[in-house]
$ cat structure_2.txt   # compact mmCIF, C-alpha atoms
# COMPACT_ATOMS: atom_id res chain seq x y z
CA MET A 1 -204.05 25.02 -71.18
CA GLU A 2 -203.56 21.33 -70.69
CA ALA A 3 -201.18 20.79 -73.62
CA ASN A 4 -198.89 23.61 -72.45
CA LEU A 5 -198.87 22.36 -68.92
CA LEU A 6 -198.00 18.96 -70.25
CA ALA A 7 -195.17 20.34 -72.36
CA ALA A 8 -193.38 21.53 -69.24
CA HIS A 9 -193.19 17.99 -67.93
CA LEU A 10 -192.12 16.09 -70.99
CA PRO A 11 -188.56 15.40 -72.15
CA THR A 12 -187.70 17.95 -74.83
CA GLN A 13 -184.86 15.96 -76.33
CA LEU A 14 -184.82 12.72 -78.18
CA PRO A 15 -182.65 10.06 -76.53
CA PRO A 16 -179.44 9.55 -78.59
CA ASP A 17 -180.33 6.05 -79.80
CA LEU A 18 -183.70 7.29 -81.03
CA ALA A 19 -182.16 10.22 -82.84
CA ASP A 20 -179.85 7.86 -84.69
CA GLY A 21 -182.82 5.74 -85.73
CA VAL A 22 -185.15 8.49 -86.87
CA PHE A 23 -183.02 10.69 -89.07
CA PRO A 24 -181.57 8.29 -91.68
CA ALA A 25 -183.56 8.40 -94.92
CA GLY A 26 -184.28 4.67 -95.10
CA CYS A 27 -185.33 4.00 -91.49
CA PRO A 28 -188.73 2.38 -90.89
CA SER A 29 -189.75 4.93 -88.27
CA ARG A 30 -189.66 7.64 -90.95
CA THR A 31 -192.25 5.73 -92.99
CA VAL A 32 -194.43 5.28 -89.91
CA LEU A 33 -193.97 8.92 -88.94
CA ASP A 34 -195.08 9.99 -92.42
CA HIS A 35 -198.31 8.01 -92.04
CA ILE A 36 -199.18 9.20 -88.56
CA THR A 37 -198.40 12.84 -89.23
CA SER A 38 -200.09 13.00 -92.63
CA LYS A 39 -202.56 15.84 -93.04
CA TRP A 40 -205.61 13.56 -93.14
CA GLY A 41 -204.17 10.77 -91.00
CA VAL A 42 -204.07 13.04 -87.94
CA LEU A 43 -207.64 14.28 -88.43
CA ILE A 44 -209.05 10.79 -89.03
CA LEU A 45 -207.27 9.35 -85.98
CA VAL A 46 -208.44 12.22 -83.80
CA ALA A 47 -212.03 11.86 -85.10
CA LEU A 48 -211.93 8.14 -84.26
CA SER A 49 -210.70 8.93 -80.75
CA GLU A 50 -214.28 10.11 -80.16
CA GLY A 51 -215.55 6.61 -81.01
CA GLU A 52 -216.55 4.42 -83.94
CA HIS A 53 -217.45 6.25 -87.16
CA ARG A 54 -219.01 5.22 -90.44
CA TRP A 55 -217.38 6.14 -93.73
CA SER A 56 -219.89 8.93 -94.40
CA GLU A 57 -219.40 10.35 -90.91
CA LEU A 58 -215.63 10.51 -91.40
CA ARG A 59 -216.14 12.11 -94.79
CA ARG A 60 -218.20 14.88 -93.18
CA ARG A 61 -215.95 15.21 -90.11
CA ALA A 62 -212.67 15.73 -91.96
CA GLU A 63 -214.05 18.59 -93.98
CA GLY A 64 -212.55 18.86 -97.44
CA ILE A 65 -211.25 15.30 -97.73
CA SER A 66 -211.94 13.63 -101.08
CA GLU A 67 -213.38 10.10 -101.38
CA LYS A 68 -210.06 8.98 -102.79
CA MET A 69 -207.97 10.48 -99.98
CA LEU A 70 -210.31 9.09 -97.31
CA ALA A 71 -210.05 5.60 -98.83
CA GLN A 72 -206.27 5.86 -99.09
CA THR A 73 -205.86 7.24 -95.55
CA LEU A 74 -208.07 4.55 -94.00
CA LYS A 75 -206.29 1.82 -95.94
CA THR A 76 -202.88 3.01 -94.71
CA LEU A 77 -204.08 3.33 -91.10
CA GLU A 78 -205.71 -0.12 -91.27
CA ARG A 79 -202.55 -1.64 -92.72
CA ASP A 80 -200.53 -0.01 -89.93
CA GLY A 81 -202.77 -1.70 -87.36
CA LEU A 82 -204.12 1.61 -86.07
CA VAL A 83 -207.66 1.44 -87.40
CA LEU A 84 -210.08 -1.50 -87.43
CA ARG A 85 -212.54 -1.88 -90.31
CA THR A 86 -215.73 -3.75 -89.40
CA ALA A 87 -218.28 -4.68 -92.06
CA ARG A 88 -221.75 -4.87 -90.47
CA PRO A 89 -223.95 -7.46 -92.20
CA VAL A 90 -227.15 -5.52 -91.55
CA ILE A 91 -229.68 -4.07 -93.97
CA PRO A 92 -228.51 -1.83 -95.48
CA PRO A 93 -224.95 -3.12 -94.87
CA HIS A 94 -222.37 -0.63 -93.72
CA VAL A 95 -218.77 -0.41 -92.59
CA ASP A 96 -217.59 1.01 -89.27
CA TYR A 97 -214.13 2.28 -88.44
CA SER A 98 -212.64 2.36 -84.96
CA LEU A 99 -209.25 2.64 -83.29
CA THR A 100 -207.27 -0.44 -82.35
CA GLU A 101 -205.40 -0.54 -79.05
CA ARG A 102 -202.29 0.67 -80.87
CA GLY A 103 -204.38 3.40 -82.49
CA TYR A 104 -205.59 4.62 -79.08
CA GLU A 105 -202.05 4.66 -77.77
CA LEU A 106 -200.93 6.81 -80.68
CA THR A 107 -203.96 9.08 -80.62
CA ALA A 108 -203.25 9.87 -76.97
CA LEU A 109 -200.03 11.49 -78.24
CA LEU A 110 -201.71 13.22 -81.19
CA VAL A 111 -204.52 14.86 -79.21
CA PRO A 112 -202.17 17.14 -77.18
CA LEU A 113 -200.49 18.15 -80.45
CA VAL A 114 -203.81 19.05 -82.08
CA ALA A 115 -204.84 20.89 -78.92
CA TRP A 116 -201.57 22.84 -79.05
CA ALA A 117 -202.18 23.80 -82.69
CA TYR A 118 -205.66 24.97 -81.75
CA ASP A 119 -204.42 27.01 -78.78
CA ASN A 120 -201.55 28.61 -80.67
CA ALA A 121 -203.03 29.09 -84.13
CA GLY A 122 -204.26 32.62 -83.35
CA ASP A 123 -200.87 33.85 -82.08
CA ILE A 124 -198.99 32.14 -84.89
CA LEU A 125 -201.16 33.57 -87.66
CA ASN A 126 -201.10 37.02 -86.05
CA GLY A 127 -197.31 36.86 -86.11
CA TRP A 128 -197.37 36.58 -89.90
CA ARG A 129 -198.66 40.14 -90.25
CA MET B 1 -191.09 2.92 -72.99
CA GLU B 2 -191.59 6.48 -71.85
CA ALA B 3 -193.95 7.47 -74.67
CA ASN B 4 -196.22 4.48 -74.01
CA LEU B 5 -196.28 5.14 -70.30
CA LEU B 6 -197.17 8.71 -71.08
CA ALA B 7 -199.97 7.66 -73.40
CA ALA B 8 -201.75 5.96 -70.52
CA HIS B 9 -201.96 9.25 -68.65
CA LEU B 10 -203.04 11.62 -71.37
CA PRO B 11 -206.59 12.47 -72.41
CA THR B 12 -207.45 10.36 -75.44
CA GLN B 13 -210.28 12.56 -76.61
CA LEU B 14 -210.32 16.06 -77.90
CA PRO B 15 -212.47 18.43 -75.81
CA PRO B 16 -215.69 19.27 -77.75
CA ASP B 17 -214.77 22.92 -78.39
CA LEU B 18 -211.40 21.87 -79.78
CA ALA B 19 -212.95 19.28 -82.04
CA ASP B 20 -215.25 21.91 -83.49
CA GLY B 21 -212.29 24.16 -84.15
CA VAL B 22 -209.98 21.64 -85.74
CA PHE B 23 -212.11 19.83 -88.28
CA PRO B 24 -213.55 22.64 -90.45
CA ALA B 25 -211.58 23.06 -93.67
CA GLY B 26 -210.83 26.78 -93.23
CA CYS B 27 -209.80 26.83 -89.57
CA PRO B 28 -206.39 28.34 -88.70
CA SER B 29 -205.39 25.38 -86.54
CA ARG B 30 -205.47 23.15 -89.63
CA THR B 31 -202.89 25.38 -91.32
CA VAL B 32 -200.70 25.31 -88.22
CA LEU B 33 -201.16 21.54 -87.87
CA ASP B 34 -200.05 21.08 -91.48
CA HIS B 35 -196.82 22.97 -90.79
CA ILE B 36 -195.95 21.23 -87.54
CA THR B 37 -196.72 17.74 -88.82
CA SER B 38 -195.04 18.15 -92.20
CA LYS B 39 -192.56 15.43 -93.07
CA TRP B 40 -189.53 17.69 -92.80
CA GLY B 41 -190.97 20.07 -90.23
CA VAL B 42 -191.06 17.33 -87.60
CA LEU B 43 -187.48 16.20 -88.29
CA ILE B 44 -186.07 19.74 -88.28
CA LEU B 45 -187.86 20.64 -85.04
CA VAL B 46 -186.68 17.44 -83.37
CA ALA B 47 -183.12 18.03 -84.59
CA LEU B 48 -183.20 21.55 -83.14
CA SER B 49 -184.44 20.18 -79.81
CA GLU B 50 -180.86 18.93 -79.43
CA GLY B 51 -179.59 22.51 -79.68
CA GLU B 52 -178.58 25.16 -82.21
CA HIS B 53 -177.67 23.90 -85.68
CA ARG B 54 -176.10 25.45 -88.74
CA TRP B 55 -177.73 25.11 -92.13
CA SER B 56 -175.23 22.48 -93.26
CA GLU B 57 -175.72 20.48 -90.05
CA LEU B 58 -179.49 20.40 -90.57
CA ARG B 59 -178.97 19.39 -94.16
CA ARG B 60 -176.92 16.39 -93.05
CA ARG B 61 -179.16 15.55 -90.08
CA ALA B 62 -182.46 15.35 -91.99
CA GLU B 63 -181.06 12.88 -94.48
CA GLY B 64 -182.57 13.18 -97.92
CA ILE B 65 -183.87 16.75 -97.62
CA SER B 66 -183.16 18.95 -100.64
CA GLU B 67 -181.72 22.48 -100.35
CA LYS B 68 -185.05 23.83 -101.55
CA MET B 69 -187.15 21.87 -99.03
CA LEU B 70 -184.81 22.79 -96.17
CA ALA B 71 -185.06 26.49 -97.09
CA GLN B 72 -188.85 26.27 -97.38
CA THR B 73 -189.27 24.32 -94.13
CA LEU B 74 -187.04 26.71 -92.14
CA LYS B 75 -188.83 29.74 -93.59
CA THR B 76 -192.24 28.36 -92.58
CA LEU B 77 -191.05 27.43 -89.08
CA GLU B 78 -189.42 30.85 -88.67
CA ARG B 79 -192.58 32.59 -89.83
CA ASP B 80 -194.60 30.53 -87.35
CA GLY B 81 -192.36 31.77 -84.54
CA LEU B 82 -191.00 28.29 -83.83
CA VAL B 83 -187.47 28.68 -85.11
CA LEU B 84 -185.04 31.57 -84.67
CA ARG B 85 -182.58 32.43 -87.41
CA THR B 86 -179.39 34.14 -86.22
CA ALA B 87 -176.84 35.49 -88.68
CA ARG B 88 -173.37 35.40 -87.08
CA PRO B 89 -171.16 38.23 -88.35
CA VAL B 90 -167.99 36.23 -88.02
CA ILE B 91 -165.41 35.20 -90.62
CA PRO B 92 -166.59 33.24 -92.49
CA PRO B 93 -170.15 34.41 -91.70
CA HIS B 94 -172.74 31.77 -90.99
CA VAL B 95 -176.35 31.38 -89.91
CA ASP B 96 -177.54 29.42 -86.88
CA TYR B 97 -180.99 28.03 -86.28
CA SER B 98 -182.49 27.36 -82.87
CA LEU B 99 -185.89 26.81 -81.27
CA THR B 100 -187.87 29.69 -79.82
CA GLU B 101 -189.75 29.23 -76.54
CA ARG B 102 -192.85 28.33 -78.54
CA GLY B 103 -190.76 25.93 -80.59
CA TYR B 104 -189.55 24.16 -77.45
CA GLU B 105 -193.09 23.89 -76.16
CA LEU B 106 -194.21 22.26 -79.40
CA THR B 107 -191.17 20.01 -79.70
CA ALA B 108 -191.91 18.62 -76.23
CA LEU B 109 -195.11 17.23 -77.77
CA LEU B 110 -193.44 16.01 -80.95
CA VAL B 111 -190.64 14.08 -79.28
CA PRO B 112 -192.98 11.50 -77.65
CA LEU B 113 -194.65 11.04 -81.05
CA VAL B 114 -191.35 10.43 -82.80
CA ALA B 115 -190.32 8.08 -79.99
CA TRP B 116 -193.58 6.17 -80.44
CA ALA B 117 -192.96 5.85 -84.19
CA TYR B 118 -189.48 4.53 -83.46
CA ASP B 119 -190.72 2.03 -80.87
CA ASN B 120 -193.59 0.75 -83.01
CA ALA B 121 -192.11 0.86 -86.51
CA GLY B 122 -190.89 -2.74 -86.33
CA ASP B 123 -194.27 -4.16 -85.29
CA ILE B 124 -196.15 -2.01 -87.78
CA LEU B 125 -193.98 -2.95 -90.73
CA ASN B 126 -194.04 -6.62 -89.74
CA GLY B 127 -197.83 -6.46 -89.77
CA TRP B 128 -197.77 -5.55 -93.47
CA ARG B 129 -196.44 -8.99 -94.41
$ encode --input "structure_2.txt" --output "structure tokens"
Amino acid sequence: MEANLLAAHLPTQLPPDLADGVFPAGCPSRTVLDHITSKWGVLILVALSEGEHRWSELRRRAEGISEKMLAQTLKTLERDGLVLRTARPVIPPHVDYSLTERGYELTALLVPLVAWAYDNAGDILNGWR
Amino acid sequence: MEANLLAAHLPTQLPPDLADGVFPAGCPSRTVLDHITSKWGVLILVALSEGEHRWSELRRRAEGISEKMLAQTLKTLERDGLVLRTARPVIPPHVDYSLTERGYELTALLVPLVAWAYDNAGDILNGWR
């Protein structure tokens, strides 16, 4: 599988300066990491990697998300400059969500992770028994 | 930066069969994704990518983690076959934690993500103002 193949070619250790920056409790990258690895954040970003979505489409796609959580997740991702919100002045008016350039860059790193989870979920859950 | 360079070469979309498997609420890959993208899960896995750690070392490394959360996170990662727990029968006895092969494979995908968060945190947080 692609993600596994990829894993063999990536650095498996964090460079020392990065490690120093990521682990302290107050560091900004921790806040960012929390946003981009949030349960719904990952699913919304990956859904948007397939192209622009309306609110209602995202609601259906990320099965189980509440209106409140979808609103909160989109607001955080928009604030982080990862998602673009476009209000379409058509009749009836609607709002579209898409990835920004930064969002695409990040999603390219999330997709292999999601693919890995998909590939390994069976083995992992079997191991619980 | 390495992670950005990498992003340009990775698929940015999830293959259709994967997308079908990841979004439904009850799918196993969602459970696995929740574990491997949990706030503390990511930091512990990345810390262990630097090599074996004792409990107390992990506690210090993932600044701000409580005893309870560290125990819970390690238990989940161990159950998922990502982390190996080794009790050393020395005096005084202690327990070491390390990555399994599967854990290394996963961590290779997490490290670029953490590196991206580190590289982009400044820009993202500046954008909030």
$ residues_around --input "structure_2.txt" --residues "Thr37 in chain B" --least-positions-apart "6" --cutoff "12 Å" --atoms "only C-alpha atoms" --output "VMD selection string"
(chain A and resid 33 to 43 110 113 to 114 117) or (chain B and resid 29 to 31 43 to 46 73 77 106 to 107 109 to 111 113 to 114)
$ residues_around --input "structure_2.txt" --residues "Pro24 in chain B" --least-positions-apart "4" --cutoff "10 Å" --atoms "only C-alpha atoms" --output "PyMOL selection string"
(chain A and resi 60-64) or (chain B and resi 19-20+28-30)
$ write_last_selection --input "structure_2.txt" --atoms "C-alpha atoms" --output "compact mmCIF listing (two decimals), in the frame of the given file"
# COMPACT_ATOMS: atom_id res chain seq x y z
CA ARG A 60 -218.20 14.88 -93.18
CA ARG A 61 -215.95 15.21 -90.11
CA ALA A 62 -212.67 15.73 -91.96
CA GLU A 63 -214.05 18.59 -93.98
CA GLY A 64 -212.55 18.86 -97.44
CA ALA B 19 -212.95 19.28 -82.04
CA ASP B 20 -215.25 21.91 -83.49
CA PRO B 28 -206.39 28.34 -88.70
CA SER B 29 -205.39 25.38 -86.54
CA ARG B 30 -205.47 23.15 -89.63
$ residues_around --input "structure_2.txt" --residues "Leu84 in chain B" --least-positions-apart "5" --cutoff "8 Å" --atoms "only C-alpha atoms" --output "PyMOL selection string"
chain B and resi 78+97-100
$ closest_residue --input "structure_2.txt" --among "B:Leu82, B:Ala47, B:Ala25, B:Val32" --to "Ala115 in chain A" --atoms "only C-alpha atoms"
B:Val32
$ closest_residue --input "structure_2.txt" --among "B:Arg85, B:Lys75, B:Trp55, B:His94" --to "chain A" --atoms "all atoms listed in the file"
B:Lys75
$ closest_residue --input "structure_2.txt" --among "A:Ile65, A:Ala87, A:Leu70, A:Val95" --to "chain B" --atoms "only C-alpha atoms"
A:Ile65
$ calpha_fit_and_write --input "structure_2.txt" --fixed "chain B" --moving "chain A" --output "mmCIF file with C-alpha atoms, in the coordinates of the input"
data_model
loop_
_atom_site.group_PDB
_atom_site.id
_atom_site.type_symbol
_atom_site.label_atom_id
_atom_site.label_comp_id
_atom_site.auth_asym_id
_atom_site.auth_seq_id
_atom_site.Cartn_x
_atom_site.Cartn_y
_atom_site.Cartn_z
ATOM 1 C CA MET A 1 -191.094 2.752 -73.028
ATOM 2 C CA GLU A 2 -191.582 6.310 -71.934
ATOM 3 C CA ALA A 3 -193.960 7.330 -74.734
ATOM 4 C CA ASN A 4 -196.252 4.357 -74.049
ATOM 5 C CA LEU A 5 -196.273 5.004 -70.360
ATOM 6 C CA LEU A 6 -197.140 8.578 -71.109
ATOM 7 C CA ALA A 7 -199.970 7.569 -73.419
ATOM 8 C CA ALA A 8 -201.762 5.880 -70.540
ATOM 9 C CA HIS A 9 -201.950 9.154 -68.661
ATOM 10 C CA LEU A 10 -203.018 11.535 -71.364
ATOM 11 C CA PRO A 11 -206.577 12.411 -72.395
ATOM 12 C CA THR A 12 -207.438 10.341 -75.460
ATOM 13 C CA GLN A 13 -210.276 12.554 -76.611
ATOM 14 C CA LEU A 14 -210.313 16.055 -77.898
ATOM 15 C CA PRO A 15 -212.482 18.407 -75.831
ATOM 16 C CA PRO A 16 -215.691 19.253 -77.778
ATOM 17 C CA ASP A 17 -214.799 22.905 -78.391
ATOM 18 C CA LEU A 18 -211.429 21.883 -79.809
ATOM 19 C CA ALA A 19 -212.970 19.295 -82.080
ATOM 20 C CA ASP A 20 -215.278 21.930 -83.514
ATOM 21 C CA GLY A 21 -212.306 24.191 -84.187
ATOM 22 C CA VAL A 22 -209.978 21.667 -85.767
ATOM 23 C CA PHE A 23 -212.108 19.863 -88.302
ATOM 24 C CA PRO A 24 -213.556 22.664 -90.478
ATOM 25 C CA ALA A 25 -211.565 23.091 -93.691
ATOM 26 C CA GLY A 26 -210.842 26.798 -93.250
ATOM 27 C CA CYS A 27 -209.793 26.860 -89.579
ATOM 28 C CA PRO A 28 -206.392 28.356 -88.718
ATOM 29 C CA SER A 29 -205.375 25.406 -86.556
ATOM 30 C CA ARG A 30 -205.465 23.178 -89.648
ATOM 31 C CA THR A 31 -202.874 25.398 -91.343
ATOM 32 C CA VAL A 32 -200.694 25.330 -88.230
ATOM 33 C CA LEU A 33 -201.157 21.580 -87.877
ATOM 34 C CA ASP A 34 -200.046 21.100 -91.486
ATOM 35 C CA HIS A 35 -196.815 22.988 -90.782
ATOM 36 C CA ILE A 36 -195.947 21.237 -87.548
ATOM 37 C CA THR A 37 -196.729 17.759 -88.812
ATOM 38 C CA SER A 38 -195.038 18.163 -92.191
ATOM 39 C CA LYS A 39 -192.570 15.429 -93.065
ATOM 40 C CA TRP A 40 -189.518 17.692 -92.785
ATOM 41 C CA GLY A 41 -190.957 20.090 -90.213
ATOM 42 C CA VAL A 42 -191.060 17.344 -87.571
ATOM 43 C CA LEU A 43 -187.491 16.200 -88.259
ATOM 44 C CA ILE A 44 -186.078 19.740 -88.272
ATOM 45 C CA LEU A 45 -187.858 20.656 -85.026
ATOM 46 C CA VAL A 46 -186.691 17.464 -83.352
ATOM 47 C CA ALA A 47 -183.100 18.032 -84.573
ATOM 48 C CA LEU A 48 -183.198 21.561 -83.128
ATOM 49 C CA SER A 49 -184.430 20.201 -79.798
ATOM 50 C CA GLU A 50 -180.851 18.937 -79.411
ATOM 51 C CA GLY A 51 -179.578 22.529 -79.669
ATOM 52 C CA GLU A 52 -178.576 25.173 -82.195
ATOM 53 C CA HIS A 53 -177.676 23.902 -85.673
ATOM 54 C CA ARG A 54 -176.114 25.460 -88.737
ATOM 55 C CA TRP A 55 -177.744 25.099 -92.134
ATOM 56 C CA SER A 56 -175.235 22.457 -93.257
ATOM 57 C CA GLU A 57 -175.727 20.478 -90.051
ATOM 58 C CA LEU A 58 -179.497 20.404 -90.561
ATOM 59 C CA ARG A 59 -178.987 19.388 -94.169
ATOM 60 C CA ARG A 60 -176.929 16.388 -93.040
ATOM 61 C CA ARG A 61 -179.181 15.555 -90.068
ATOM 62 C CA ALA A 62 -182.460 15.351 -91.979
ATOM 63 C CA GLU A 63 -181.081 12.865 -94.445
ATOM 64 C CA GLY A 64 -182.580 13.173 -97.902
ATOM 65 C CA ILE A 65 -183.878 16.733 -97.599
ATOM 66 C CA SER A 66 -183.186 18.934 -100.625
ATOM 67 C CA GLU A 67 -181.743 22.464 -100.336
ATOM 68 C CA LYS A 68 -185.062 23.805 -101.542
ATOM 69 C CA MET A 69 -187.154 21.861 -99.020
ATOM 70 C CA LEU A 70 -184.814 22.788 -96.156
ATOM 71 C CA ALA A 71 -185.071 26.482 -97.076
ATOM 72 C CA GLN A 72 -188.851 26.271 -97.377
ATOM 73 C CA THR A 73 -189.264 24.324 -94.114
ATOM 74 C CA LEU A 74 -187.052 26.718 -92.139
ATOM 75 C CA LYS A 75 -188.830 29.733 -93.601
ATOM 76 C CA THR A 76 -192.241 28.358 -92.586
ATOM 77 C CA LEU A 77 -191.043 27.443 -89.078
ATOM 78 C CA GLU A 78 -189.410 30.873 -88.674
ATOM 79 C CA ARG A 79 -192.569 32.614 -89.853
ATOM 80 C CA ASP A 80 -194.591 30.546 -87.372
ATOM 81 C CA GLY A 81 -192.351 31.785 -84.557
ATOM 82 C CA LEU A 82 -191.003 28.306 -83.833
ATOM 83 C CA VAL A 83 -187.463 28.692 -85.115
ATOM 84 C CA LEU A 84 -185.041 31.594 -84.657
ATOM 85 C CA ARG A 85 -182.580 32.445 -87.434
ATOM 86 C CA THR A 86 -179.389 34.136 -86.226
ATOM 87 C CA ALA A 87 -176.837 35.492 -88.694
ATOM 88 C CA ARG A 88 -173.368 35.413 -87.094
ATOM 89 C CA PRO A 89 -171.165 38.253 -88.370
ATOM 90 C CA VAL A 90 -167.967 36.230 -88.050
ATOM 91 C CA ILE A 91 -165.437 35.199 -90.676
ATOM 92 C CA PRO A 92 -166.608 33.241 -92.537
ATOM 93 C CA PRO A 93 -170.167 34.415 -91.722
ATOM 94 C CA HIS A 94 -172.749 31.770 -91.001
ATOM 95 C CA VAL A 95 -176.350 31.369 -89.924
ATOM 96 C CA ASP A 96 -177.532 29.419 -86.886
ATOM 97 C CA TYR A 97 -180.993 28.031 -86.279
ATOM 98 C CA SER A 98 -182.484 27.377 -82.860
ATOM 99 C CA LEU A 99 -185.875 26.826 -81.261
ATOM 100 C CA THR A 100 -187.853 29.709 -79.824
ATOM 101 C CA GLU A 101 -189.725 29.262 -76.553
ATOM 102 C CA ARG A 102 -192.835 28.372 -78.549
ATOM 103 C CA GLY A 103 -190.746 25.947 -80.599
ATOM 104 C CA TYR A 104 -189.538 24.178 -77.438
ATOM 105 C CA GLU A 105 -193.078 23.924 -76.154
ATOM 106 C CA LEU A 106 -194.199 22.287 -79.380
ATOM 107 C CA THR A 107 -191.170 20.036 -79.696
ATOM 108 C CA ALA A 108 -191.882 18.653 -76.228
ATOM 109 C CA LEU A 109 -195.103 17.268 -77.750
ATOM 110 C CA LEU A 110 -193.423 16.049 -80.945
ATOM 111 C CA VAL A 111 -190.614 14.102 -79.264
ATOM 112 C CA PRO A 112 -192.967 11.519 -77.640
ATOM 113 C CA LEU A 113 -194.646 11.066 -81.033
ATOM 114 C CA VAL A 114 -191.326 10.446 -82.788
ATOM 115 C CA ALA A 115 -190.298 8.107 -79.977
ATOM 116 C CA TRP A 116 -193.569 6.208 -80.429
ATOM 117 C CA ALA A 117 -192.959 5.864 -84.178
ATOM 118 C CA TYR A 118 -189.480 4.552 -83.444
ATOM 119 C CA ASP A 119 -190.722 2.049 -80.853
ATOM 120 C CA ASN A 120 -193.593 0.786 -82.983
ATOM 121 C CA ALA A 121 -192.112 0.885 -86.474
ATOM 122 C CA GLY A 122 -190.884 -2.726 -86.290
ATOM 123 C CA ASP A 123 -194.275 -4.147 -85.242
ATOM 124 C CA ILE A 124 -196.153 -1.994 -87.730
ATOM 125 C CA LEU A 125 -193.983 -2.947 -90.698
ATOM 126 C CA ASN A 126 -194.046 -6.616 -89.682
ATOM 127 C CA GLY A 127 -197.836 -6.445 -89.716
ATOM 128 C CA TRP A 128 -197.774 -5.541 -93.407
ATOM 129 C CA ARG A 129 -196.486 -8.995 -94.342
#
$ atom_distance --input "structure_2.txt" --atom1 "CA of Arg79 in chain A" --atom2 "CA of Val22 in chain A"
21.0 Å
$ atom_distance --input "structure_2.txt" --atom1 "CA of Ala121 in chain B" --atom2 "CA of Ser49 in chain B"
21.8 Å
$ axis_aligned_box --input "structure_2.txt" --around "range 57-72 of chain B" --padding-each-side "4 Å" --output "lines of an AutoDock Vina configuration file"
center_x = -182.3
center_y = 19.7
center_z = -95.8
size_x = 21.1
size_y = 21.6
size_z = 19.5
$ atom_distance --input "structure_2.txt" --atom1 "CA of Tyr118 in chain B" --atom2 "CA of Lys68 in chain A"
28.6 Å
$ closest_residue --input "structure_2.txt" --among "B:Leu125, B:His53, B:Trp116, B:Arg59" --to "Phe23 in chain A" --atoms "all atoms listed in the file"
B:Arg59
$ closest_residue --input "structure_2.txt" --among "B:Asn126, B:Ala108, B:Ser66, B:Asp119" --to "chain A" --atoms "only C-alpha atoms"
B:Ala108
$ closest_residue --input "structure_2.txt" --among "A:Glu57, A:Ala71, A:Asp80, A:Thr86" --to "chain B" --atoms "only C-alpha atoms"
A:Asp80
